[in-house]
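Listing of target14.csv; format and content: CSV, C-alpha atoms.
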```
chain,number,residue,atom,x,y,z
A,18,MET,CA,27.3,6.3,-4.0
A,19,LEU,CA,26.7,2.6,-4.8
A,20,ALA,CA,28.5,1.4,-1.7
A,21,GLY,CA,26.7,3.9,0.4
A,22,LEU,CA,23.3,2.8,-0.9
A,23,ALA,CA,24.1,-0.9,-0.5
A,24,THR,CA,25.4,-0.3,3.1
A,25,ARG,CA,22.2,1.5,4.0
A,26,LEU,CA,20.1,-1.2,2.6
A,27,VAL,CA,21.9,-3.8,4.7
A,28,VAL,CA,21.4,-1.7,7.8
A,29,TYR,CA,17.7,-1.2,6.9
A,30,GLY,CA,17.3,-5.0,6.4
A,31,VAL,CA,19.0,-5.9,9.7
A,32,PHE,CA,16.9,-3.4,11.6
A,33,GLN,CA,13.6,-4.6,10.0
A,34,LEU,CA,14.5,-8.2,10.5
A,35,GLY,CA,14.9,-7.5,14.2
A,36,VAL,CA,11.5,-5.8,14.3
A,37,ALA,CA,10.0,-8.7,12.5
A,38,ILE,CA,11.5,-11.2,15.0
A,39,VAL,CA,10.2,-9.2,17.9
A,40,LEU,CA,6.7,-9.2,16.4
A,41,LEU,CA,6.5,-12.8,15.1
A,42,VAL,CA,8.3,-14.9,17.7
A,43,PRO,CA,6.4,-14.2,21.0
A,44,PRO,CA,3.1,-16.1,21.0
A,45,ASN,CA,1.4,-13.2,22.9
A,46,LEU,CA,2.0,-10.9,19.9
A,47,ALA,CA,0.4,-13.2,17.4
A,48,ARG,CA,-2.3,-10.6,16.6
A,49,LEU,CA,0.4,-8.3,15.1
A,50,GLU,CA,1.1,-10.8,12.4
A,51,SER,CA,-1.6,-9.1,10.3
A,52,PHE,CA,0.9,-6.2,9.8
A,53,GLN,CA,3.1,-8.7,7.8
A,54,PRO,CA,6.4,-7.4,9.0
A,55,MET,CA,8.4,-9.6,6.6
A,56,ARG,CA,7.2,-7.5,3.7
A,57,PHE,CA,10.1,-5.2,4.2
A,58,LEU,CA,12.0,-7.7,2.0
A,59,HIS,CA,10.1,-6.5,-1.1
A,60,LEU,CA,12.1,-3.2,-1.1
A,61,LEU,CA,15.4,-5.1,-0.5
A,62,TYR,CA,14.7,-7.5,-3.4
A,63,LEU,CA,13.7,-4.7,-5.8
A,64,LEU,CA,16.8,-2.5,-5.1
A,65,PHE,CA,19.3,-5.3,-4.9
A,66,VAL,CA,18.1,-6.7,-8.2
A,67,LEU,CA,18.4,-3.2,-9.8
A,68,LEU,CA,21.9,-2.9,-8.4
A,69,ALA,CA,22.9,-6.3,-9.6
A,70,GLY,CA,21.5,-5.6,-13.1
A,71,GLY,CA,23.4,-2.3,-13.2
A,72,LEU,CA,26.7,-3.9,-12.2
A,73,ILE,CA,26.3,-6.7,-14.7
A,74,GLY,CA,25.5,-4.2,-17.4
A,75,GLN,CA,28.6,-2.2,-16.5
A,76,LYS,CA,30.8,-5.2,-16.7
A,77,LEU,CA,29.4,-6.4,-20.0
A,78,GLN,CA,28.6,-3.2,-21.8
A,79,HIS,CA,31.7,-3.4,-24.0
A,80,THR,CA,31.6,-7.2,-24.6
A,81,GLY,CA,30.1,-8.9,-27.6
A,82,ARG,CA,26.5,-10.0,-28.2
A,83,LEU,CA,27.4,-13.7,-27.5
A,84,ARG,CA,28.2,-12.9,-23.8
A,85,TRP,CA,24.9,-11.0,-23.5
A,86,ALA,CA,23.0,-13.9,-25.0
A,87,ALA,CA,24.8,-16.4,-22.8
A,88,LEU,CA,23.6,-14.4,-19.8
A,89,VAL,CA,20.1,-13.4,-20.8
A,90,LEU,CA,18.8,-16.5,-22.7
A,91,PRO,CA,19.3,-19.0,-19.8
A,92,LEU,CA,17.5,-16.6,-17.5
A,93,ALA,CA,14.7,-16.1,-19.9
A,94,ALA,CA,14.4,-19.9,-20.4
A,95,VAL,CA,14.2,-20.6,-16.7
A,96,MET,CA,11.5,-17.9,-16.2
A,97,PHE,CA,9.5,-19.2,-19.1
A,98,PHE,CA,9.7,-22.8,-17.8
A,99,ALA,CA,8.7,-21.7,-14.3
A,100,GLN,CA,5.7,-19.7,-15.7
A,101,ARG,CA,4.5,-22.6,-17.8
A,102,GLN,CA,4.7,-24.9,-14.8
A,103,ALA,CA,2.9,-22.6,-12.6
A,104,TYR,CA,0.2,-21.5,-15.1
A,105,SER,CA,0.1,-24.5,-17.5
A,106,ALA,CA,-3.5,-24.1,-18.5
A,107,SER,CA,-3.3,-20.4,-19.5
A,108,ALA,CA,-1.9,-18.6,-22.5
A,109,HIS,CA,1.6,-17.4,-22.3
A,110,PHE,CA,0.5,-14.1,-24.0
A,111,GLU,CA,-2.9,-12.7,-23.4
A,112,PHE,CA,-4.1,-10.0,-25.8
A,113,PRO,CA,-7.2,-7.8,-25.5
A,114,GLY,CA,-10.1,-9.0,-27.5
A,115,THR,CA,-8.9,-12.6,-27.9
A,116,VAL,CA,-11.0,-15.6,-26.8
A,117,PRO,CA,-9.3,-17.4,-23.9
A,118,SER,CA,-8.6,-21.1,-24.3
A,119,ASN,CA,-8.9,-21.7,-20.5
A,120,PRO,CA,-12.5,-22.9,-19.8
A,121,TRP,CA,-12.5,-21.1,-16.4
A,122,LEU,CA,-11.8,-17.8,-18.2
A,123,GLN,CA,-14.4,-18.6,-20.8
A,124,ALA,CA,-17.0,-19.1,-18.1
A,125,PHE,CA,-16.0,-15.9,-16.3
A,126,ASP,CA,-16.3,-14.0,-19.5
A,127,TRP,CA,-19.7,-15.3,-20.2
A,128,ILE,CA,-20.9,-14.4,-16.7
A,129,ARG,CA,-19.6,-10.9,-17.1
A,130,GLU,CA,-21.4,-10.4,-20.4
A,131,ASN,CA,-24.6,-12.4,-19.8
A,132,THR,CA,-25.7,-12.2,-16.2
A,133,PRO,CA,-27.2,-9.3,-14.2
A,134,ALA,CA,-24.7,-7.1,-12.5
A,135,THR,CA,-26.5,-7.7,-9.2
A,136,GLY,CA,-26.2,-11.5,-9.5
A,137,PHE,CA,-24.7,-13.2,-6.5
A,138,PHE,CA,-22.6,-16.3,-7.2
A,139,ALA,CA,-21.4,-19.3,-5.3
A,140,ILE,CA,-18.4,-21.3,-6.6
A,141,ASP,CA,-16.2,-24.0,-5.2
A,142,PRO,CA,-14.5,-22.3,-2.2
A,143,HIS,CA,-11.2,-23.9,-3.3
A,144,TYR,CA,-11.7,-23.0,-6.9
A,145,MET,CA,-8.4,-21.1,-7.3
A,146,GLU,CA,-6.5,-24.2,-6.4
A,147,ARG,CA,-8.3,-26.5,-8.8
A,148,PRO,CA,-6.4,-28.0,-11.8
A,149,GLY,CA,-6.6,-25.7,-14.8
A,150,GLU,CA,-7.9,-22.6,-12.9
A,151,ASP,CA,-4.4,-21.0,-12.6
A,152,PHE,CA,-5.4,-18.7,-9.7
A,153,HIS,CA,-7.6,-16.4,-11.8
A,154,SER,CA,-9.8,-14.3,-9.6
A,155,PHE,CA,-13.6,-14.7,-10.2
A,156,ARG,CA,-14.4,-11.2,-8.9
A,157,ALA,CA,-11.8,-9.4,-11.0
A,158,LEU,CA,-12.7,-11.2,-14.3
A,159,ALA,CA,-16.4,-12.0,-13.9
A,160,GLU,CA,-17.1,-8.7,-12.2
A,161,HIS,CA,-19.7,-10.2,-9.8
A,162,SER,CA,-19.8,-11.0,-6.1
A,163,ILE,CA,-19.4,-14.5,-4.7
A,164,LEU,CA,-19.4,-16.1,-1.3
A,165,ALA,CA,-16.1,-16.1,0.5
A,166,ASP,CA,-13.4,-18.5,-0.8
A,167,VAL,CA,-10.8,-20.3,1.3
A,168,THR,CA,-7.7,-19.5,-0.8
A,169,LYS,CA,-7.7,-15.7,-1.3
A,170,ASP,CA,-10.2,-14.3,1.1
A,171,ALA,CA,-8.4,-15.9,4.1
A,172,SER,CA,-5.6,-13.4,3.6
A,173,VAL,CA,-8.0,-10.5,3.5
A,174,VAL,CA,-9.3,-11.6,6.9
A,175,THR,CA,-5.8,-11.3,8.3
A,176,GLN,CA,-5.8,-7.7,7.3
A,177,VAL,CA,-9.4,-6.9,8.3
A,178,PRO,CA,-10.1,-9.1,11.3
A,179,GLY,CA,-13.7,-7.7,11.6
A,180,LEU,CA,-14.5,-9.7,8.5
A,181,ALA,CA,-13.5,-13.0,10.1
A,182,PRO,CA,-17.0,-14.0,11.5
A,183,LEU,CA,-18.7,-13.5,8.1
A,184,TRP,CA,-15.9,-15.2,6.2
A,185,LEU,CA,-16.0,-18.2,8.6
A,186,GLU,CA,-19.8,-18.4,8.3
A,187,GLU,CA,-19.8,-18.4,4.5
A,188,VAL,CA,-16.9,-20.9,4.2
A,189,GLN,CA,-18.5,-23.3,6.7
A,190,ALA,CA,-21.8,-23.1,4.8
A,191,GLN,CA,-19.9,-24.3,1.7
A,192,SER,CA,-18.2,-27.2,3.4
A,193,GLY,CA,-18.6,-30.4,1.4
A,194,TRP,CA,-19.2,-28.4,-1.8
A,195,GLU,CA,-18.2,-31.4,-4.0
A,196,HIS,CA,-21.1,-33.4,-2.7
A,197,PHE,CA,-23.8,-30.6,-2.8
A,198,GLY,CA,-27.2,-31.3,-4.4
A,199,VAL,CA,-30.1,-29.0,-5.3
A,200,GLN,CA,-31.3,-28.7,-1.7
A,201,ASP,CA,-27.9,-27.5,-0.6
A,202,PHE,CA,-27.8,-24.8,-3.2
A,203,GLN,CA,-31.3,-23.8,-2.3
A,204,ARG,CA,-30.1,-23.5,1.3
A,205,LEU,CA,-27.4,-21.1,0.1
A,206,HIS,CA,-30.0,-19.1,-1.8
A,207,ALA,CA,-32.2,-18.8,1.2
A,208,ARG,CA,-29.4,-18.0,3.7
A,209,PHE,CA,-27.2,-15.7,1.6
A,210,GLY,CA,-29.2,-14.7,-1.4
A,211,VAL,CA,-27.1,-16.8,-3.9
A,212,ASP,CA,-28.9,-16.9,-7.2
A,213,TRP,CA,-26.1,-18.2,-9.6
A,214,LEU,CA,-23.7,-21.1,-9.4
A,215,VAL,CA,-20.4,-22.1,-11.2
A,216,LEU,CA,-20.2,-25.9,-11.2
A,217,LYS,CA,-17.7,-28.4,-12.6
A,218,GLN,CA,-19.1,-30.7,-15.3
A,219,PRO,CA,-21.3,-32.8,-15.2
A,220,GLY,CA,-22.9,-30.6,-12.6
A,221,VAL,CA,-26.0,-31.4,-10.6
A,222,PHE,CA,-29.2,-32.7,-12.1
A,223,GLY,CA,-32.3,-30.5,-11.7
A,224,LEU,CA,-30.7,-27.0,-12.2
A,225,ASP,CA,-31.2,-24.7,-15.1
A,226,CYS,CA,-27.8,-24.1,-16.6
A,227,PRO,CA,-27.8,-21.6,-19.6
A,228,TYR,CA,-24.0,-21.9,-20.1
A,229,ARG,CA,-21.7,-24.9,-20.4
A,230,ASN,CA,-18.2,-25.5,-21.7
A,231,ALA,CA,-15.8,-28.4,-21.6
A,232,ALA,CA,-15.2,-28.1,-17.9
A,233,LEU,CA,-17.8,-25.9,-16.3
A,234,MET,CA,-21.4,-24.9,-16.2
A,235,VAL,CA,-23.2,-21.8,-15.0
A,236,CYS,CA,-26.6,-22.4,-13.4
A,237,ARG,CA,-29.4,-20.6,-11.8
A,238,VAL,CA,-30.3,-21.6,-8.2
A,239,GLY,CA,-34.0,-20.9,-8.4
A,240,GLY,CA,-34.8,-22.3,-11.8
A,241,LEU,CA,-35.5,-26.1,-11.8
A,242,GLN,CA,-35.7,-28.1,-15.0
```

Rewritten as structure tokens:
Amino acid sequence: MLAGLATRLVVYGVFQLGVAIVLLVPPNLARLESFQPMRFLHLLYLLFVLLAGGLIGQKLQHTGRLRWAALVLPLAAVMFFAQRQAYSASAHFEFPGTVPSNPWLQAFDWIRENTPATGFFAIDPHYMERPGEDFHSFRALAEHSILADVTKDASVVTQVPGLAPLWLEEVQAQSGWEHFGVQDFQRLHARFGVDWLVLKQPGVFGLDCPYRNAALMVCRVGGLQ
């Protein structure tokens, strides 16, 4: 049964790879890239890891604890190191009800609890890639809408090409974000209805900012000091 399953997975993988090559190589089929034909590998990875784990367990089930430890501990150490490198500014364990140490998460929590649900935000369109942000999603954690970002929303456009004009318009309107002043933010307010901002410290003089932490500040667009 194991050999039959593995053989069928190989046949499936070869067939899907052929389909992917047909869709991805010819330039005139570039529009089909949005179907992401290489995602067939997810199923292969999942099942082959399960098969490998089962075989390893079968071989080591009657061995001592030291052999299990010699296998599992290095794997766990490598995964722990990789996670800490990838998400160095976030807690390794996140428990419900605890206050996050990451200033980005602190700001997102404050926004969720203290700003109107209808508030429309603007944030650095590259915010997910900034040091310390660790690819936390504003929409998911702050539970508010924002203008399109460059990092994550670009992948959404590949799946829903009809959103491309709006995405491009919003991204271009935020070009040069790091040099924006009050007038630029007022322009976003007039053009898109943005009424809140998330800015890195020290922010921009002339904005009313009811929340600040070590790295960020949350400001109103319309309220001038």

**Request:** Show which residues sit within 7 Å of Trp184 in chain A, as a PyMOL selection string. Count all atoms listed in the file, and ignore same-chain residues fewer than 4 positions away.
**Result:** chain A and resi 165+180+188

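The nearest approach to Val235 in chain A among the residues A:Met96, A:Ala159, A:Asp170, A:Glu111, with only C-alpha atoms taken into account, belongs to A:Ala159.
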
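When all atoms listed in the file are used to measure the gap to Asp151 in chain A, the shortest distance among A:Ala171, A:Val177, A:Ala190, A:Ala103 belongs to A:Ala103.
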
**From A:Lys76, A:Ala139, A:Thr175, A:Ala231, residue lying nearest Gln191 in chain A [only C-alpha atoms]** = A:Ala139

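Nearest-residue note for Gly71 in chain A: choosing from A:His161, A:Glu187, A:Cys236, A:Leu19, the minimum distance belongs to A:Leu19, counting all atoms listed in the file.
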
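When all atoms listed in the file are used to measure the gap to Ile73 in chain A, the shortest distance among A:Leu61, A:Val116, A:Ala108, A:Val89 belongs to A:Val89.
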
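Of note, CA of Asn230 in chain A and CA of His109 in chain A are spaced 21.4 Å apart.
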
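Neighbours of Arg56 in chain A closer than or equal to 12 Å, with only C-alpha atoms counted and sequence neighbours fewer than 6 positions away skipped, come out as Gly30, Gln33, Leu34, Val36, Ala37, Glu50, Tyr62 and Leu63 of chain A.
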
Sorted by chain and rising residue number, list the residues of range 101-148 of chain A at most 12 Å from range 218-225 of chain A (counting all atoms listed in the file), each with its closest atom pair and distance in Å to one decimal, as CSV.
```
residue,atom,partner,partner_atom,distance
A:Pro120,CA,A:Gln218,CA,11.2
A:Trp121,CA,A:Gln218,CA,11.7
A:Ile140,CA,A:Gly220,CA,11.9
A:Asp141,CA,A:Gly220,CA,12.0
```

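Remark: for Ser51 in chain A, the closest of the candidate residues A:Gln176, A:Gly70, A:Leu164, A:Tyr144 is A:Gln176 (distances computed over all atoms listed in the file).
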
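Counting from CA of Gly210 in chain A, the distance to CA of Ile163 in chain A is 10.3 Å.
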
**Prompt:** Can you list, as a list in words, every protein, DNA or RNA residue that comes within 12 Å of Glu130 in chain A when you count all atoms listed in the file, leaving out same-chain residues fewer than 2 positions away?
**Reply:** Gln123, Ala124, Phe125, Asp126, Trp127, Ile128, Thr132, Pro133, Ala134, Gly136, Leu158, Ala159, Glu160, His161 and Tyr228 of chain A

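Rounded to one decimal, CA of Ala181 in chain A and CA of Asp166 in chain A lie 12.2 Å from each other.
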
**Request:** Considering only C-alpha atoms, return as a PyMOL selection string whatever protein or nucleic-acid residues lie within 8 Å of Arg237 in chain A, sequence-local ones (same chain, fewer than 3 positions apart) excluded.
**Result:** chain A and resi 212-214+224-226+240

Restrict the output to range 175-189 of chain A and N, CA and C atoms, then write it as a CSV table (one decimal), in the first residue's frame.
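The resulting file, result13.csv, is reproduced below:
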```csv
chain,number,residue,atom,x,y,z
A,175,THR,N,-3.1,39.3,-8.5
A,175,THR,CA,-2.8,38.2,-9.4
A,175,THR,C,-4.0,37.3,-9.5
A,176,GLN,N,-4.7,37.1,-8.4
A,176,GLN,CA,-5.9,36.3,-8.4
A,176,GLN,C,-7.2,36.9,-8.8
A,177,VAL,N,-7.3,38.2,-8.7
A,177,VAL,CA,-8.5,39.0,-9.1
A,177,VAL,C,-8.0,40.2,-9.9
A,178,PRO,N,-7.7,39.9,-11.2
A,178,PRO,CA,-7.1,41.0,-12.0
A,178,PRO,C,-8.0,42.2,-12.1
A,179,GLY,N,-9.3,42.1,-11.8
A,179,GLY,CA,-10.2,43.3,-11.9
A,179,GLY,C,-9.8,44.3,-10.9
A,180,LEU,N,-9.1,43.9,-9.8
A,180,LEU,CA,-8.7,44.9,-8.8
A,180,LEU,C,-7.4,45.6,-9.1
A,181,ALA,N,-6.8,45.3,-10.2
A,181,ALA,CA,-5.5,45.8,-10.5
A,181,ALA,C,-5.5,47.4,-10.7
A,182,PRO,N,-6.5,47.9,-11.4
A,182,PRO,CA,-6.5,49.4,-11.6
A,182,PRO,C,-6.6,50.1,-10.2
A,183,LEU,N,-7.5,49.7,-9.3
A,183,LEU,CA,-7.7,50.3,-8.0
A,183,LEU,C,-6.4,50.1,-7.2
A,184,TRP,N,-5.8,48.9,-7.2
A,184,TRP,CA,-4.6,48.7,-6.4
A,184,TRP,C,-3.5,49.6,-6.9
A,185,LEU,N,-3.3,49.7,-8.2
A,185,LEU,CA,-2.3,50.6,-8.8
A,185,LEU,C,-2.5,52.0,-8.4
A,186,GLU,N,-3.7,52.5,-8.5
A,186,GLU,CA,-4.0,53.9,-8.2
A,186,GLU,C,-3.7,54.2,-6.7
A,187,GLU,N,-4.0,53.3,-5.8
A,187,GLU,CA,-3.8,53.5,-4.4
A,187,GLU,C,-2.3,53.4,-4.1
A,188,VAL,N,-1.6,52.5,-4.7
A,188,VAL,CA,-0.2,52.3,-4.4
A,188,VAL,C,0.6,53.5,-5.0
A,189,GLN,N,0.3,54.0,-6.2
A,189,GLN,CA,0.9,55.1,-6.7
A,189,GLN,C,0.7,56.4,-5.9
```
